[in-house]
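K.L.:
Structure file input-v8.cif (mmCIF, C-alpha atoms and all ligand atoms) right here:
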```cif
data_structure
loop_
_atom_site.group_PDB
_atom_site.id
_atom_site.type_symbol
_atom_site.label_atom_id
_atom_site.label_comp_id
_atom_site.auth_asym_id
_atom_site.auth_seq_id
_atom_site.Cartn_x
_atom_site.Cartn_y
_atom_site.Cartn_z
ATOM 1 C CA MET A 3 -2.024 22.934 -14.895
ATOM 2 C CA HIS A 4 -3.809 23.851 -11.772
ATOM 3 C CA ARG A 5 -2.858 23.112 -8.251
ATOM 4 C CA ALA A 6 -4.837 19.918 -7.847
ATOM 5 C CA THR A 7 -2.951 18.362 -10.736
ATOM 6 C CA LEU A 8 0.371 19.306 -9.234
ATOM 7 C CA LEU A 9 -0.703 17.923 -5.888
ATOM 8 C CA THR A 10 -1.785 14.694 -7.534
ATOM 9 C CA ALA A 11 1.567 14.408 -9.256
ATOM 10 C CA LEU A 12 3.352 14.928 -5.965
ATOM 11 C CA LEU A 13 1.226 12.291 -4.300
ATOM 12 C CA VAL A 14 1.943 9.842 -7.112
ATOM 13 C CA THR A 15 5.642 10.527 -6.709
ATOM 14 C CA ALA A 16 5.413 10.060 -2.965
ATOM 15 C CA ALA A 17 3.549 6.804 -3.416
ATOM 16 C CA ALA A 18 6.131 5.558 -5.903
ATOM 17 C CA LEU A 19 8.980 6.440 -3.549
ATOM 18 C CA SER A 20 7.395 4.751 -0.565
ATOM 19 C CA GLY A 21 6.699 1.746 -2.781
ATOM 20 C CA CYS A 22 10.397 1.457 -3.543
ATOM 21 C CA LYS A 23 11.322 1.516 0.121
ATOM 22 C CA GLY A 24 8.677 -0.961 1.180
ATOM 23 C CA SER A 25 9.758 -4.569 1.383
ATOM 24 C CA GLN A 26 6.554 -5.786 -0.211
ATOM 25 C CA ALA A 27 4.082 -4.394 -2.655
ATOM 26 C CA PRO A 28 0.531 -4.585 -1.426
ATOM 27 C CA ASP A 29 -1.110 -7.691 -2.777
ATOM 28 C CA ALA A 30 -4.398 -7.767 -4.575
ATOM 29 C CA GLN A 31 -6.413 -9.600 -1.974
ATOM 30 C CA GLY A 32 -9.860 -8.217 -1.488
ATOM 31 C CA SER A 33 -10.093 -6.815 -4.985
ATOM 32 C CA ALA A 34 -13.189 -8.454 -6.345
ATOM 33 C CA GLY A 35 -12.239 -9.978 -9.626
ATOM 34 C CA ALA A 36 -10.054 -7.187 -10.910
ATOM 35 C CA SER A 37 -7.552 -8.762 -13.264
ATOM 36 C CA GLU A 38 -5.013 -5.974 -13.213
ATOM 37 C CA SER A 39 -2.630 -5.283 -10.403
ATOM 38 C CA ALA A 40 -3.658 -2.811 -7.758
ATOM 39 C CA ASP A 41 -0.245 -1.231 -8.273
ATOM 40 C CA ALA A 42 -1.819 0.861 -11.017
ATOM 41 C CA LEU A 43 -4.118 2.521 -8.533
ATOM 42 C CA GLY A 44 -3.251 6.050 -7.646
ATOM 43 C CA PRO A 45 -3.215 8.406 -4.727
ATOM 44 C CA ASP A 46 -5.443 8.131 -1.743
ATOM 45 C CA ALA A 47 -7.463 11.302 -1.228
ATOM 46 C CA LYS A 48 -10.734 9.963 0.139
ATOM 47 C CA PRO A 49 -9.650 7.889 3.155
ATOM 48 C CA GLY A 50 -9.390 4.218 2.278
ATOM 49 C CA VAL A 51 -10.280 4.696 -1.361
ATOM 50 C CA THR A 52 -7.839 4.526 -4.270
ATOM 51 C CA ALA A 53 -8.370 5.173 -7.951
ATOM 52 C CA GLY A 54 -6.218 5.022 -11.037
ATOM 53 C CA ALA A 55 -5.647 3.418 -14.435
ATOM 54 C CA ALA A 56 -7.534 6.363 -15.916
ATOM 55 C CA ARG A 57 -7.678 7.183 -19.609
ATOM 56 C CA LEU A 58 -9.794 9.317 -21.886
ATOM 57 C CA VAL A 59 -10.343 7.899 -25.367
ATOM 58 C CA LEU A 60 -10.984 10.552 -27.989
ATOM 59 C CA PRO A 61 -13.625 10.005 -30.695
ATOM 60 C CA VAL A 62 -12.576 9.217 -34.265
ATOM 61 C CA VAL A 63 -14.733 12.087 -35.513
ATOM 62 C CA PRO A 64 -14.208 15.379 -33.658
ATOM 63 C CA GLY A 65 -17.394 16.567 -32.006
ATOM 64 C CA ARG A 66 -18.614 13.066 -31.165
ATOM 65 C CA PRO A 67 -18.470 11.883 -27.549
ATOM 66 C CA GLY A 68 -15.358 10.274 -26.156
ATOM 67 C CA VAL A 69 -15.212 7.768 -23.352
ATOM 68 C CA ALA A 70 -13.233 7.551 -20.133
ATOM 69 C CA TYR A 71 -12.219 4.510 -18.114
ATOM 70 C CA PHE A 72 -10.672 4.035 -14.679
ATOM 71 C CA ARG A 73 -10.605 1.767 -11.646
ATOM 72 C CA VAL A 74 -11.580 2.551 -8.082
ATOM 73 C CA ALA A 75 -11.016 0.409 -5.007
ATOM 74 C CA ASN A 76 -12.860 0.688 -1.707
ATOM 75 C CA ASN A 77 -10.501 -0.470 1.032
ATOM 76 C CA THR A 78 -12.910 0.457 3.796
ATOM 77 C CA PRO A 79 -15.357 -2.006 5.377
ATOM 78 C CA GLY A 80 -18.435 0.005 4.436
ATOM 79 C CA LYS A 81 -20.188 0.653 1.161
ATOM 80 C CA ILE A 82 -19.330 3.848 -0.702
ATOM 81 C CA THR A 83 -21.299 5.429 -3.523
ATOM 82 C CA LEU A 84 -19.767 7.046 -6.577
ATOM 83 C CA ALA A 85 -22.072 9.910 -7.546
ATOM 84 C CA GLY A 86 -20.319 11.487 -10.504
ATOM 85 C CA VAL A 87 -17.174 11.828 -12.586
ATOM 86 C CA HIS A 88 -15.817 15.076 -13.970
ATOM 87 C CA VAL A 89 -13.308 15.038 -16.823
ATOM 88 C CA GLN A 90 -10.963 18.020 -17.146
ATOM 89 C CA GLY A 91 -11.404 19.670 -20.555
ATOM 90 C CA VAL A 92 -14.788 18.060 -21.138
ATOM 91 C CA GLY A 93 -18.050 20.019 -21.048
ATOM 92 C CA LYS A 94 -20.244 17.224 -19.727
ATOM 93 C CA ALA A 95 -19.505 13.722 -18.471
ATOM 94 C CA GLU A 96 -22.047 10.990 -17.706
ATOM 95 C CA MET A 97 -21.602 7.593 -16.102
ATOM 96 C CA HIS A 98 -23.043 4.893 -18.379
ATOM 97 C CA ARG A 99 -23.443 1.149 -18.229
ATOM 98 C CA THR A 100 -23.427 -1.071 -21.298
ATOM 99 C CA SER A 101 -25.632 -4.120 -20.990
ATOM 100 C CA GLY A 102 -27.019 -6.358 -23.705
ATOM 101 C CA GLY A 103 -25.590 -4.154 -26.441
ATOM 102 C CA HIS A 104 -27.235 -0.984 -25.153
ATOM 103 C CA MET A 105 -25.938 1.680 -22.852
ATOM 104 C CA ALA A 106 -27.850 3.790 -20.390
ATOM 105 C CA PRO A 107 -26.895 6.527 -17.936
ATOM 106 C CA VAL A 108 -26.433 5.525 -14.321
ATOM 107 C CA ALA A 109 -26.827 8.107 -11.570
ATOM 108 C CA THR A 110 -24.745 6.362 -8.922
ATOM 109 C CA VAL A 111 -22.504 3.316 -8.587
ATOM 110 C CA ASP A 112 -22.264 1.504 -5.261
ATOM 111 C CA ILE A 113 -18.949 -0.070 -4.294
ATOM 112 C CA ALA A 114 -19.206 -2.609 -1.493
ATOM 113 C CA GLY A 115 -16.716 -2.608 1.360
ATOM 114 C CA GLY A 116 -13.470 -4.239 0.226
ATOM 115 C CA ALA A 117 -14.527 -4.287 -3.419
ATOM 116 C CA SER A 118 -13.166 -2.575 -6.480
ATOM 117 C CA ILE A 119 -14.955 -1.479 -9.617
ATOM 118 C CA ALA A 120 -13.532 -1.155 -13.100
ATOM 119 C CA PHE A 121 -14.917 1.205 -15.698
ATOM 120 C CA VAL A 122 -13.844 -0.695 -18.816
ATOM 121 C CA PRO A 123 -14.959 -1.159 -22.438
ATOM 122 C CA GLY A 124 -18.191 -3.155 -22.560
ATOM 123 C CA GLY A 125 -19.328 -2.256 -19.052
ATOM 124 C CA LEU A 126 -19.379 0.834 -16.923
ATOM 125 C CA HIS A 127 -17.832 3.825 -18.672
ATOM 126 C CA VAL A 128 -17.898 7.609 -18.647
ATOM 127 C CA MET A 129 -19.255 9.333 -21.749
ATOM 128 C CA ALA A 130 -17.427 12.598 -22.419
ATOM 129 C CA PHE A 131 -19.350 15.258 -24.335
ATOM 130 C CA ASP A 132 -18.077 18.603 -25.650
ATOM 131 C CA ILE A 133 -14.401 17.709 -25.602
ATOM 132 C CA ASP A 134 -12.052 20.672 -25.743
ATOM 133 C CA PRO A 135 -10.000 20.508 -28.959
ATOM 134 C CA SER A 136 -6.870 21.160 -26.914
ATOM 135 C CA LEU A 137 -7.054 17.582 -25.632
ATOM 136 C CA LYS A 138 -4.895 15.495 -27.975
ATOM 137 C CA ALA A 139 -3.865 11.855 -27.997
ATOM 138 C CA GLY A 140 -0.688 11.507 -25.997
ATOM 139 C CA GLY A 141 -1.668 14.326 -23.681
ATOM 140 C CA GLN A 142 -3.121 14.276 -20.208
ATOM 141 C CA SER A 143 -6.438 15.089 -18.617
ATOM 142 C CA GLU A 144 -7.727 14.523 -15.120
ATOM 143 C CA LEU A 145 -10.710 12.652 -13.737
ATOM 144 C CA THR A 146 -12.370 13.827 -10.538
ATOM 145 C CA LEU A 147 -14.566 11.243 -8.853
ATOM 146 C CA THR A 148 -17.220 12.643 -6.530
ATOM 147 C CA PHE A 149 -18.783 10.415 -3.902
ATOM 148 C CA ALA A 150 -22.238 10.693 -2.384
ATOM 149 C CA ASP A 151 -20.766 12.012 0.873
ATOM 150 C CA GLY A 152 -19.085 14.874 -0.990
ATOM 151 C CA ASP A 153 -15.550 13.453 -0.902
ATOM 152 C CA LYS A 154 -13.588 13.649 -4.134
ATOM 153 C CA ILE A 155 -10.552 12.008 -5.697
ATOM 154 C CA SER A 156 -8.664 13.498 -8.656
ATOM 155 C CA ILE A 157 -6.424 11.284 -10.760
ATOM 156 C CA PRO A 158 -4.402 11.883 -13.920
ATOM 157 C CA ALA A 159 -5.836 10.375 -17.106
ATOM 158 C CA LYS A 160 -3.934 9.560 -20.276
ATOM 159 C CA VAL A 161 -5.538 10.907 -23.443
ATOM 160 C CA GLU A 162 -5.650 8.263 -26.173
ATOM 161 C CA ALA A 163 -6.920 7.953 -29.725
ATOM 162 C CA MET A 164 -9.853 5.639 -30.378
ATOM 163 C CA GLY A 165 -8.582 2.277 -31.528
ATOM 164 C CA ALA A 166 -5.463 2.412 -29.377
ATOM 165 C CA ASP A 167 -6.849 -0.541 -27.460
ATOM 166 C CA ALA A 168 -8.075 -3.867 -28.795
ATOM 167 C CA GLY A 169 -11.728 -2.895 -28.551
ATOM 168 C CA GLY A 170 -11.976 -1.058 -31.822
ATOM 169 C CA MET A 171 -15.656 -0.263 -31.355
ATOM 170 C CA ALA A 172 -16.669 2.710 -33.385
ATOM 171 C CA GLY A 173 -18.797 4.834 -31.158
ATOM 172 C CA MET A 174 -21.919 3.679 -29.473
ATOM 173 C CA ASN A 175 -21.245 0.292 -27.907
ATOM 174 C CA HIS A 176 -18.587 1.067 -25.358
HETATM 175 CU CU CU A 201 -22.005 5.499 -23.089
#
```
Take the structure in the file and write it out as structure tokens.
P.N.:
Amino acid sequence: MHRATLLTALLVTAAALSGCKGSQAPDAQGSAGASESADALGPDAKPGVTAGAARLVLPVVPGRPGVAYFRVANNTPGKITLAGVHVQGVGKAEMHRTSGGHMAPVATVDIAGGASIAFVPGGLHVMAFDIDPSLKAGGQSELTLTFADGDKISIPAKVEAMGADAGGMAGMNH
């Protein structure tokens, strides 16, 4: 574990503690269509931007690409631009978008002021190539989101086996 991971864990703990003391959880207003609670979103490294609900799904066949998912919310009034995602323990990660049954790399993803974006099966996702064999289902990795202005957010990501969710898609159509 390196220091950033420890720091992230501390921030998560701090957020959880402050959440317990607060009289009200933050509500989900302003999250554009996200169906899950914003409570799952993690620490706030880039000012006004939160990310969380991260997981890395391992391929059925070792050596094939895996796929990572997460959510990111822009609580600032201005547009921000996600420029890349790094996955700890993964040689190369690419942002992809699935559309009409095909997926293609995307260089950047804009997030409007007040909006949130979900990388989920069937839409935006992160393809993970050259996965270190030390990453096992049930373990933990880390996603680092890099924005066009150079700011970064690192969040813990659960490592899961393919098929752990309802999707069950076998490889190419994430
Ligand atoms: Cu893909």
K.L.:
With distances taken over only C-alpha atoms and all ligand atoms, which residue among A:Leu126, A:Ala53, A:Val92, A:Ala114 lies nearest ligand CU 201 (chain A)?
P.N.:
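That would be A:Leu126, the residue with the smallest distance to ligand CU 201 (chain A).
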K.L.:
Show me, as number ranges by chain, the residues that have an atom within 10 Å of Asp153 in chain A when counting all atoms listed in the file, minus same-chain residues fewer than 2 positions from it.
P.N.:
A: 47-49, 84-85, 147-151, 155
K.L.:
Take the residues that were just selected and, keeping C-alpha atoms, output them as a PDB file, keeping the file's coordinate frame.
P.N.:
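What follows is the written file selection_32.pdb:
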```pdb
ATOM      1  CA  ALA A  47      -7.463  11.302  -1.228  1.00  0.00           C
ATOM      2  CA  LYS A  48     -10.734   9.963   0.139  1.00  0.00           C
ATOM      3  CA  PRO A  49      -9.650   7.889   3.155  1.00  0.00           C
ATOM      4  CA  LEU A  84     -19.767   7.046  -6.577  1.00  0.00           C
ATOM      5  CA  ALA A  85     -22.072   9.910  -7.546  1.00  0.00           C
ATOM      6  CA  LEU A 147     -14.566  11.243  -8.853  1.00  0.00           C
ATOM      7  CA  THR A 148     -17.220  12.643  -6.530  1.00  0.00           C
ATOM      8  CA  PHE A 149     -18.783  10.415  -3.902  1.00  0.00           C
ATOM      9  CA  ALA A 150     -22.238  10.693  -2.384  1.00  0.00           C
ATOM     10  CA  ASP A 151     -20.766  12.012   0.873  1.00  0.00           C
ATOM     11  CA  ILE A 155     -10.552  12.008  -5.697  1.00  0.00           C
TER      12      ILE A 155
END
```
K.L.:
With only C-alpha atoms and all ligand atoms counted, collect every polymer residue having an atom within 7 Å of ligand CU 201 (chain A); state the result as a list in words.
P.N.:
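Written in the requested form, the residues are His98, Arg99, Thr100, Met105, Ala106, His127, Val128, Met129, Met174 and His176 of chain A.
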K.L.:
Quick one: distance from CA of Ala55 in chain A to CA of Val161 in chain A in Å, one decimal?
P.N.:
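Taking CA of Ala55 in chain A and CA of Val161 in chain A, their separation equals 11.7 Å.
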K.L.:
Have a look at A:Pro79, A:Arg57, A:Thr52, A:Ile113 and name the one nearest to Gly140 in chain A; count all atoms listed in the file.
P.N.:
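Between A:Pro79, A:Arg57, A:Thr52, A:Ile113, the residue approaching Gly140 in chain A most closely is A:Arg57.
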K.L.:
Between CA of Lys160 in chain A and CA of Phe131 in chain A, what distance in Å does the model show, to one decimal?
P.N.:
16.9 Å
K.L.:
To one decimal in Å, tell me the separation between CA of Pro158 in chain A and CA of Val63 in chain A.
P.N.:
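Calculated distance between CA of Pro158 in chain A and CA of Val63 in chain A is 23.9 Å.
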